[in-house]
Structures are given as C-alpha cells and as structure tokens.
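What follows is run_29.cif (mmCIF, C-alpha atoms).
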```cif
data_entry
#
loop_
_atom_site.group_PDB
_atom_site.id
_atom_site.type_symbol
_atom_site.label_atom_id
_atom_site.label_comp_id
_atom_site.auth_asym_id
_atom_site.auth_seq_id
_atom_site.Cartn_x
_atom_site.Cartn_y
_atom_site.Cartn_z
ATOM 1 C CA MET A 1 -96.635 -236.463 154.876
ATOM 2 C CA GLN A 2 -96.145 -239.010 152.117
ATOM 3 C CA PRO A 3 -93.741 -241.982 152.185
ATOM 4 C CA LEU A 4 -90.154 -241.010 151.440
ATOM 5 C CA GLU A 5 -90.014 -243.047 148.240
ATOM 6 C CA SER A 6 -92.949 -241.086 146.823
ATOM 7 C CA TYR A 7 -90.627 -238.091 146.438
ATOM 8 C CA ILE A 8 -88.113 -239.992 144.307
ATOM 9 C CA LEU A 9 -88.292 -239.022 140.648
ATOM 10 C CA GLU A 10 -87.054 -241.119 137.753
ATOM 11 C CA GLY A 11 -84.294 -239.717 135.620
ATOM 12 C CA ASN A 12 -84.396 -239.392 131.859
ATOM 13 C CA LYS A 13 -85.288 -242.826 130.502
ATOM 14 C CA ASN A 14 -83.039 -242.237 127.499
ATOM 15 C CA GLU A 15 -80.013 -241.639 129.716
ATOM 16 C CA SER A 16 -78.202 -243.955 132.125
ATOM 17 C CA VAL A 17 -75.291 -242.801 134.248
ATOM 18 C CA LEU A 18 -74.205 -246.393 134.926
ATOM 19 C CA PHE A 19 -74.311 -247.131 131.196
ATOM 20 C CA ASP A 20 -72.073 -244.108 130.603
ATOM 21 C CA TYR A 21 -69.592 -245.371 133.195
ATOM 22 C CA GLY A 22 -69.635 -248.839 131.687
ATOM 23 C CA THR A 23 -69.033 -247.466 128.195
ATOM 24 C CA ALA A 24 -66.332 -244.850 128.890
ATOM 25 C CA PRO A 25 -65.588 -244.477 132.640
ATOM 26 C CA ALA A 26 -63.165 -241.550 132.455
ATOM 27 C CA LYS A 27 -65.441 -239.547 130.169
ATOM 28 C CA ALA A 28 -68.403 -240.073 132.514
ATOM 29 C CA LEU A 29 -66.504 -239.001 135.618
ATOM 30 C CA LEU A 30 -64.904 -235.948 134.019
ATOM 31 C CA ARG A 31 -68.293 -234.726 132.850
ATOM 32 C CA TYR A 32 -69.791 -235.149 136.319
ATOM 33 C CA ILE A 33 -66.872 -233.431 138.073
ATOM 34 C CA MET A 34 -67.255 -230.403 135.825
ATOM 35 C CA GLU A 35 -70.976 -230.339 136.665
ATOM 36 C CA VAL A 36 -70.100 -230.367 140.385
ATOM 37 C CA ARG A 37 -67.705 -227.484 139.880
ATOM 38 C CA LYS A 38 -70.331 -225.491 137.998
ATOM 39 C CA SER A 39 -73.034 -226.210 140.582
ATOM 40 C CA TYR A 40 -70.879 -225.109 143.478
ATOM 41 C CA LYS A 41 -69.878 -221.903 141.704
ATOM 42 C CA GLU A 42 -73.572 -221.081 141.295
ATOM 43 C CA VAL A 43 -74.170 -221.610 145.021
ATOM 44 C CA TYR A 44 -70.988 -219.755 145.954
ATOM 45 C CA GLY A 45 -72.131 -216.641 144.138
ATOM 46 C CA LYS A 46 -75.297 -216.389 146.234
ATOM 47 C CA TYR A 47 -73.774 -216.167 149.714
ATOM 48 C CA ASP A 48 -71.838 -213.552 151.670
ATOM 49 C CA LEU A 49 -68.128 -214.385 151.970
ATOM 50 C CA ASN A 50 -67.904 -212.522 155.282
ATOM 51 C CA VAL A 51 -69.715 -215.374 157.008
ATOM 52 C CA ARG A 52 -66.888 -217.729 156.093
ATOM 53 C CA ARG A 53 -64.248 -215.435 157.572
ATOM 54 C CA GLU A 54 -65.821 -215.949 160.986
ATOM 55 C CA GLY A 55 -65.155 -219.685 160.723
ATOM 56 C CA GLN A 56 -68.823 -220.569 160.627
ATOM 57 C CA ALA A 57 -70.407 -223.043 158.232
ATOM 58 C CA ASP A 58 -72.746 -221.126 155.940
ATOM 59 C CA SER A 59 -75.310 -222.615 153.555
ATOM 60 C CA SER A 60 -72.772 -223.042 150.751
ATOM 61 C CA SER A 61 -70.497 -225.002 153.101
ATOM 62 C CA HIS A 62 -73.261 -227.481 153.907
ATOM 63 C CA ILE A 63 -73.991 -227.891 150.213
ATOM 64 C CA GLY A 64 -70.270 -228.229 149.556
ATOM 65 C CA CYS A 65 -69.951 -231.132 151.990
ATOM 66 C CA ALA A 66 -72.855 -232.887 150.263
ATOM 67 C CA LEU A 67 -71.263 -232.343 146.849
ATOM 68 C CA LEU A 68 -67.935 -233.772 148.017
ATOM 69 C CA GLY A 69 -69.707 -236.937 149.191
ATOM 70 C CA ALA A 70 -71.492 -237.251 145.851
ATOM 71 C CA ALA A 71 -68.313 -236.585 143.866
ATOM 72 C CA MET A 72 -66.395 -239.316 145.681
ATOM 73 C CA GLY A 73 -69.311 -241.686 145.104
ATOM 74 C CA HIS A 74 -68.871 -241.072 141.390
ATOM 75 C CA PHE A 75 -65.112 -241.520 141.775
ATOM 76 C CA GLU A 76 -65.713 -244.977 143.254
ATOM 77 C CA THR A 77 -68.079 -245.834 140.394
ATOM 78 C CA TYR A 78 -65.346 -244.745 137.955
ATOM 79 C CA GLN A 79 -62.783 -247.062 139.582
ATOM 80 C CA ARG A 80 -65.134 -250.042 139.680
ATOM 81 C CA SER A 81 -66.347 -249.495 136.129
ATOM 82 C CA LEU A 82 -62.821 -249.173 134.781
ATOM 83 C CA PHE A 83 -61.765 -252.373 136.524
ATOM 84 C CA ALA A 84 -64.921 -254.227 135.426
ATOM 85 C CA GLY A 85 -64.530 -253.148 131.813
ATOM 86 C CA LEU A 86 -60.897 -254.224 131.653
ATOM 87 C CA LEU A 87 -61.771 -257.573 133.232
ATOM 88 C CA ASP A 88 -64.404 -258.079 130.518
ATOM 89 C CA LEU A 89 -61.768 -257.211 127.894
ATOM 90 C CA ALA A 90 -59.027 -259.260 129.571
ATOM 91 C CA ASP A 91 -59.123 -262.106 127.031
ATOM 92 C CA SER A 92 -57.517 -259.672 124.590
ATOM 93 C CA LEU A 93 -54.636 -258.932 126.967
ATOM 94 C CA PRO A 94 -51.766 -261.433 126.597
ATOM 95 C CA THR A 95 -50.561 -260.652 130.136
ATOM 96 C CA PHE A 96 -53.838 -261.740 131.746
ATOM 97 C CA ASN A 97 -53.773 -265.091 133.521
ATOM 98 C CA SER A 98 -56.975 -266.033 135.343
ATOM 99 C CA SER A 99 -55.267 -268.251 137.942
ATOM 100 C CA LYS A 100 -52.639 -265.637 138.745
ATOM 101 C CA PHE A 101 -55.338 -262.966 138.804
ATOM 102 C CA LEU A 102 -57.418 -264.840 141.381
ATOM 103 C CA ARG A 103 -54.364 -265.593 143.538
ATOM 104 C CA GLN A 104 -53.389 -261.931 143.654
ATOM 105 C CA ILE A 105 -56.941 -260.799 144.365
ATOM 106 C CA LYS A 106 -57.131 -263.333 147.221
ATOM 107 C CA LYS A 107 -53.849 -262.012 148.601
ATOM 108 C CA GLU A 108 -55.163 -258.447 148.615
ATOM 109 C CA CYS A 109 -58.564 -259.299 150.085
ATOM 110 C CA GLY A 110 -57.260 -261.810 152.593
ATOM 111 C CA PHE A 111 -59.937 -264.303 151.576
ATOM 112 C CA GLU A 112 -61.450 -266.031 148.570
ATOM 113 C CA VAL A 113 -63.776 -263.763 146.645
ATOM 114 C CA THR A 114 -67.190 -265.393 146.637
ATOM 115 C CA ILE A 115 -70.311 -264.391 144.746
ATOM 116 C CA SER A 116 -73.548 -265.597 146.283
ATOM 117 C CA PRO A 117 -76.191 -267.361 144.180
ATOM 118 C CA GLU A 118 -78.695 -264.711 145.318
ATOM 119 C CA ARG A 119 -76.512 -261.976 143.830
ATOM 120 C CA LEU A 120 -76.193 -263.853 140.553
ATOM 121 C CA LEU A 121 -79.935 -264.533 140.376
ATOM 122 C CA ALA A 122 -80.643 -260.835 140.965
ATOM 123 C CA HIS A 123 -79.002 -260.115 137.598
ATOM 124 C CA ARG A 124 -81.112 -262.538 135.576
ATOM 125 C CA GLY A 125 -82.557 -260.961 132.477
ATOM 126 C CA THR A 126 -80.142 -258.008 132.635
ATOM 127 C CA ASP A 127 -77.077 -257.056 130.624
ATOM 128 C CA ILE A 128 -74.781 -257.050 133.685
ATOM 129 C CA THR A 129 -71.338 -258.404 132.753
ATOM 130 C CA CYS A 130 -68.948 -260.747 134.527
ATOM 131 C CA GLY A 131 -66.651 -257.806 135.251
ATOM 132 C CA ILE A 132 -69.375 -255.815 137.013
ATOM 133 C CA VAL A 133 -70.431 -258.765 139.167
ATOM 134 C CA PHE A 134 -66.816 -259.443 140.151
ATOM 135 C CA ALA A 135 -66.050 -255.759 140.902
ATOM 136 C CA ASP A 136 -69.158 -255.540 143.105
ATOM 137 C CA ALA A 137 -67.877 -258.472 145.159
ATOM 138 C CA LEU A 138 -64.626 -256.677 145.983
ATOM 139 C CA GLY A 139 -64.071 -254.225 148.809
ATOM 140 C CA GLY A 140 -61.355 -251.660 149.373
ATOM 141 C CA TRP A 141 -62.380 -249.159 146.701
ATOM 142 C CA HIS A 142 -61.597 -246.317 149.137
ATOM 143 C CA ASN A 143 -58.006 -247.526 149.422
ATOM 144 C CA PRO A 144 -56.001 -246.342 146.378
ATOM 145 C CA GLN A 145 -53.119 -248.732 147.068
ATOM 146 C CA ARG A 146 -55.497 -251.687 147.024
ATOM 147 C CA VAL A 147 -57.184 -250.351 143.884
ATOM 148 C CA ASN A 148 -53.747 -250.243 142.247
ATOM 149 C CA SER A 149 -53.187 -253.875 143.192
ATOM 150 C CA TYR A 150 -56.486 -254.864 141.565
ATOM 151 C CA PHE A 151 -55.331 -253.384 138.265
ATOM 152 C CA SER A 152 -51.892 -254.981 138.610
ATOM 153 C CA ALA A 153 -53.655 -258.337 139.031
ATOM 154 C CA LEU A 154 -55.208 -257.785 135.596
ATOM 155 C CA GLY A 155 -51.715 -257.604 134.114
ATOM 156 C CA VAL A 156 -51.834 -253.870 133.396
ATOM 157 C CA ARG A 157 -50.208 -250.852 135.011
ATOM 158 C CA PRO A 158 -51.482 -249.582 138.386
ATOM 159 C CA LEU A 159 -54.258 -247.041 138.029
ATOM 160 C CA PHE A 160 -52.735 -244.278 140.151
ATOM 161 C CA SER A 161 -49.206 -242.879 140.239
ATOM 162 C CA ASN A 162 -47.341 -242.451 143.529
ATOM 163 C CA ASN A 163 -47.921 -238.701 143.281
ATOM 164 C CA ASP A 164 -51.688 -239.245 143.087
ATOM 165 C CA LEU A 165 -52.046 -241.527 146.109
ATOM 166 C CA SER A 166 -51.686 -238.854 148.790
ATOM 167 C CA ASP A 167 -54.349 -236.544 147.336
ATOM 168 C CA ILE A 168 -56.783 -239.431 146.851
ATOM 169 C CA GLU A 169 -56.277 -240.511 150.470
ATOM 170 C CA VAL A 170 -57.082 -236.966 151.637
ATOM 171 C CA LEU A 171 -60.265 -236.861 149.554
ATOM 172 C CA TRP A 172 -61.469 -240.245 150.791
ATOM 173 C CA GLN A 173 -60.823 -239.294 154.424
ATOM 174 C CA LEU A 174 -62.678 -236.011 154.038
ATOM 175 C CA ARG A 175 -65.608 -237.882 152.541
ATOM 176 C CA HIS A 176 -65.479 -240.405 155.398
ATOM 177 C CA SER A 177 -65.437 -237.661 158.026
ATOM 178 C CA ILE A 178 -68.376 -235.868 156.409
ATOM 179 C CA VAL A 179 -70.499 -238.991 156.006
ATOM 180 C CA HIS A 180 -69.622 -240.860 159.208
ATOM 181 C CA SER A 181 -68.428 -238.255 161.718
ATOM 182 C CA ALA A 182 -70.668 -235.204 161.219
ATOM 183 C CA SER A 183 -67.928 -233.349 159.301
ATOM 184 C CA SER A 184 -65.447 -233.790 162.158
ATOM 185 C CA ILE A 185 -62.046 -235.440 161.794
ATOM 186 C CA ARG A 186 -61.604 -237.890 164.632
ATOM 187 C CA VAL A 187 -58.123 -238.394 166.048
ATOM 188 C CA GLN A 188 -57.977 -242.025 164.900
ATOM 189 C CA ASP A 189 -58.916 -240.984 161.365
ATOM 190 C CA ALA A 190 -56.409 -238.128 161.249
ATOM 191 C CA ALA A 191 -53.723 -240.623 162.276
ATOM 192 C CA LYS A 192 -54.317 -242.502 159.010
ATOM 193 C CA VAL A 193 -53.640 -239.451 156.818
ATOM 194 C CA SER A 194 -50.705 -237.346 158.003
ATOM 195 C CA ARG A 195 -51.768 -234.305 155.966
ATOM 196 C CA LEU A 196 -54.941 -234.069 158.073
ATOM 197 C CA TRP A 197 -53.272 -234.512 161.466
ATOM 198 C CA LYS A 198 -53.466 -230.793 162.302
ATOM 199 C CA PHE A 199 -57.256 -231.008 161.961
ATOM 200 C CA ARG A 200 -57.614 -233.876 164.441
ATOM 201 C CA GLY A 201 -60.608 -233.537 166.723
ATOM 202 C CA LYS A 202 -61.937 -230.546 164.807
ATOM 203 C CA GLN A 203 -64.957 -229.875 162.655
ATOM 204 C CA ILE A 204 -64.042 -229.089 159.060
ATOM 205 C CA ILE A 205 -65.424 -226.337 156.869
ATOM 206 C CA LEU A 206 -64.532 -226.472 153.194
ATOM 207 C CA ASP A 207 -63.346 -223.141 151.859
ATOM 208 C CA HIS A 208 -64.949 -221.866 148.670
ATOM 209 C CA GLY A 209 -61.742 -222.498 146.726
ATOM 210 C CA PHE A 210 -61.778 -226.194 147.619
ATOM 211 C CA PHE A 211 -64.054 -227.252 144.784
ATOM 212 C CA ASP A 212 -62.077 -225.567 142.057
ATOM 213 C CA THR A 213 -58.932 -227.294 143.290
ATOM 214 C CA MET A 214 -60.670 -230.634 143.828
ATOM 215 C CA SER A 215 -62.278 -230.570 140.373
ATOM 216 C CA LEU A 216 -59.027 -229.736 138.637
ATOM 217 C CA ARG A 217 -57.004 -232.258 140.662
ATOM 218 C CA ILE A 218 -59.424 -235.140 140.064
ATOM 219 C CA SER A 219 -59.475 -234.254 136.364
ATOM 220 C CA GLU A 220 -55.663 -234.335 136.278
ATOM 221 C CA ILE A 221 -55.561 -237.693 138.053
ATOM 222 C CA VAL A 222 -58.188 -239.272 135.799
ATOM 223 C CA LEU A 223 -56.749 -237.946 132.536
ATOM 224 C CA ALA A 224 -53.244 -239.118 133.473
ATOM 225 C CA ALA A 225 -54.458 -242.547 134.632
ATOM 226 C CA ASN A 226 -56.590 -242.958 131.533
ATOM 227 C CA GLY A 227 -53.685 -242.051 129.274
ATOM 228 C CA ARG A 228 -51.300 -244.468 130.995
ATOM 229 C CA LEU A 229 -53.729 -247.377 130.854
ATOM 230 C CA SER A 230 -54.754 -246.649 127.277
ATOM 231 C CA GLU A 231 -51.145 -246.663 126.067
ATOM 232 C CA ASN A 232 -50.374 -249.710 128.185
ATOM 233 C CA CYS A 233 -53.273 -251.709 126.734
ATOM 234 C CA LYS A 234 -52.476 -250.566 123.214
ATOM 235 C CA SER A 235 -48.932 -251.824 123.684
ATOM 236 C CA LEU A 236 -50.112 -255.133 125.165
ATOM 237 C CA ILE A 237 -52.572 -256.012 122.404
ATOM 238 C CA GLY A 238 -49.970 -255.024 119.798
ATOM 239 C CA ASN A 239 -50.180 -253.572 116.318
ATOM 240 C CA ASP A 240 -51.457 -256.857 114.896
ATOM 241 C CA ALA A 241 -54.635 -256.833 116.964
ATOM 242 C CA HIS A 242 -57.887 -257.146 115.055
ATOM 243 C CA PRO A 243 -59.358 -253.690 114.308
ATOM 244 C CA PHE A 244 -62.501 -254.656 116.223
ATOM 245 C CA ILE A 245 -60.465 -255.291 119.391
ATOM 246 C CA SER A 246 -58.495 -252.078 118.980
ATOM 247 C CA THR A 247 -61.728 -250.124 118.602
ATOM 248 C CA LEU A 248 -63.179 -251.669 121.776
ATOM 249 C CA PHE A 249 -60.220 -250.401 123.792
ATOM 250 C CA GLU A 250 -60.174 -247.004 122.080
ATOM 251 C CA ASP A 251 -63.867 -246.434 122.791
ATOM 252 C CA PHE A 252 -63.490 -247.581 126.406
ATOM 253 C CA PHE A 253 -60.722 -245.052 127.095
ATOM 254 C CA LYS A 254 -62.366 -242.198 125.179
ATOM 255 C CA VAL A 255 -62.610 -238.915 127.071
ATOM 256 C CA ASP A 256 -64.150 -236.528 124.500
#
```
Represent the structure contained in this file as structure tokens.
Amino acid sequence: MQPLESYILEGNKNESVLFDYGTAPAKALLRYIMEVRKSYKEVYGKYDLNVRREGQADSSSHIGCALLGAAMGHFETYQRSLFAGLLDLADSLPTFNSSKFLRQIKKECGFEVTISPERLLAHRGTDITCGIVFADALGGWHNPQRVNSYFSALGVRPLFSNNDLSDIEVLWQLRHSIVHSASSIRVQDAAKVSRLWKFRGKQIILDHGFFDTMSLRISEIVLAANGRLSENCKSLIGNDAHPFISTLFEDFFKVD
C-alpha cells in the first residue's frame, strides 16, 4: 500500500477551477452543477430502481450523497468568490464605505476580523487578492442570512431573495447531516430547519429525482442572484463610468 497522497493526480495545468470562480463565479458554478446533474444521471441509469422502493440505500444513493457534498462545496466557493471579487471592485462602487463595511462585518461576526501574519506570508509570490484573503477570514458561509449581510455591508443588494433562503438552508443541512452525522438527521439539527423536522432521528436516502430538482433550483437561485447584483452594480457605477470599469463588472457577472 502506498501513501495516500501518492494517489492524488494533478488536474489539467492549463485549467484552474479557482481561477474560473475568481473570474466569473456564477458561470463557474453553473457549469459544475450541470456536470453534477449529468454525472448522476449516468450513475442512475446503471442501477435497478426496485432497490430504492424498499427504502434501502443502493450504490447510486451513496454516490448521490457524495455529489451533494461536493456540489455544496462549490456553492460555498461561489459565494466566497463573488464576495471577494466585489470587495476588490468596491472602489468603483460609490456606496462602499470601508469604515461602515468593517463595522457591519464586526457586528455580524461578533468580533474583529483578524488576518494572521502567517496567513498573509503564505500568499507571498502569488496573485491572491485582498478580497480573497478577507473572504477566507470570514465564517458563516453556510448561513445564507449572514451571507446576505456580508453583501449588504459592501453597499450592494443582498445575494439571496427571501424565497431562496429556505431552500438553501435545507441544502446546507442535508450536506451537514451527510458529512457530519453519517447521513442521519439528528433531532437538534432538524430543529434548525423546520422543513426537515419530520426526518428527525432518521437516516436519509436521496431519491433519484433529487439531483434534477437540486440542479435546477441552484441554477435558478444563482441566475436570479447574478442578475440582481449585476443590475444593481450597473446602476451604482452609473452610465458615466469609464468603459474599462463597466467591462470589469460585465465580465465578472458573465454566465455564458
């Protein structure tokens, strides 16, 4: 048996997922979500549906749980990258005030956001931006209300609408239960999300239709959020903005 790290393969050197998220976050996430949907459909077609009717977790269910965890990891990267990019572009937003921004962030976090010298030194010689370093120092990315407050602190509209919050909370709790509770929804976790209360104390099995619905719902949420923020930023920078600035925002919010 070889060391675990010996089985890790490098991706395509000409491609960088984090670069894609930093360049156009919504576009990167939408592409990945469609890949997840396609992958699950391929697995789904290889297994007998009768197994699922017995309430047992078949091979596709185990793979499905893993894919949900990966998809929500990408969703978090999307949120952080969107916030980081807007923070880097904030000088072009007339509503941005650094003092007010830091006060509101402190209010949400309950403490001063600090960035250790070790973390800063780790980025020496890289192209990591101020926005990325700051976003990495924040917590609460699994809490959509807190994420909304981070964007409000930037002087722009909240990322998610009220209609989106409930579905995002369900997805984050499912991911939490899969990763931390062996795919079981503990009573204390179900109490946090009322829509999952009936599953309290039970192991969850994701039906085959879950991934179609999840993929489409996340796509709806991201496209709507991206459209709102794009129009909001366009309005804030105004029609007299330098073409270079306008192009930076347009490219950042691009989805095709």
Rank A:Val255, A:Val147, A:Leu67, A:Ile245 by their smallest atom-to-atom distance to Pro25 of chain A, using all atoms listed in the file, and report the top residue only. A:Val255
Interatomic distance (Å, one decimal) between atom CA of Trp141 of chain A and atom CA of Glu76 of chain A: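 Rounded to one decimal, the two atoms are 6.4 Å apart.
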Under the rule that all atoms listed in the file are counted, which of A:Lys192, A:Lys254, A:His242, A:His180 is the nearest residue to Ser230 of chain A?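 Looking at the shortest contact to Ser230 of chain A, the residue is A:Lys254.
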Contacts of segment 79-90 of chain A within 7 Å, only C-alpha atoms, excl. fewer than 2 positions in-chain, as a list in words: Tyr21, Gly22, Pro25, Phe75, Glu76, Thr77, Ser92, Leu93, Phe96, Cys130, Gly131, Ile132, Ala135, Phe151 and Leu154 of chain A
Contacts of Val187 of chain A at 10 Å or less, counting only C-alpha atoms, minus same-chain residues fewer than 3 places along, as an MDAnalysis selection string? chainID A and resid 184 190:192 196:202
Mind pulling up the distance from atom CA of Val43 of chain A to atom CA of Arg195 of chain A?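 Straight-line distance from atom CA of Arg195 of chain A to atom CA of Val43 of chain A works out to 28.0 Å.
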For Arg119 of chain A: contacts at 10 Å, only C-alpha atoms, fewer than 4 positions along chain excluded, given as an MDAnalysis selection string: chainID A and resid 115 123:124 133 136:137
Given only C-alpha atoms as the counted atoms, nearest of A:Asn162, A:Ser194, A:Ser215, A:Gln173 to Met34 of chain A: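 Of all the options, A:Ser215 lies closest to Met34 of chain A.
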The PyMOL selection byres ((chain A and resi 40) around 9) resolved against shown file, as a PyMOL selection string: chain A and resi 35-39+41-45+60+63-64+67+208+211-212
If we count all atoms listed in the file and set the cut-off at 10 Å, which residues sit around Leu171 of chain A, ignoring sequence neighbours fewer than 6 positions away in its own chain? Please answer as a PyMOL selection string. chain A and resi 68-69+71-72+142+177+214+218
Work out how far atom CA of Phe160 of chain A is from atom CA of Glu108 of chain A, in Å to one decimal.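 According to the coordinates, atom CA of Glu108 of chain A and atom CA of Phe160 of chain A are separated by 16.7 Å.
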Give the answer as one residue: which of A:Asn239, A:Asn232, A:Ser6, A:Gln203 has the shortest atom-to-atom distance to Pro158 of chain A, using all atoms listed in the file? A:Asn232
Which residue out of A:Ile221, A:Ala28, A:Ala122, A:Leu229 has the minimum interatomic distance to Asp167 of chain A when all atoms listed in the file are used?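 Result for the nearest residue to Asp167 of chain A: A:Ile221.
Nearest-residue note for Arg157 of chain A: choosing from A:Glu231, A:Glu220, A:Asp207, A:Glu250, the minimum distance belongs to A:Glu231, counting only C-alpha atoms.
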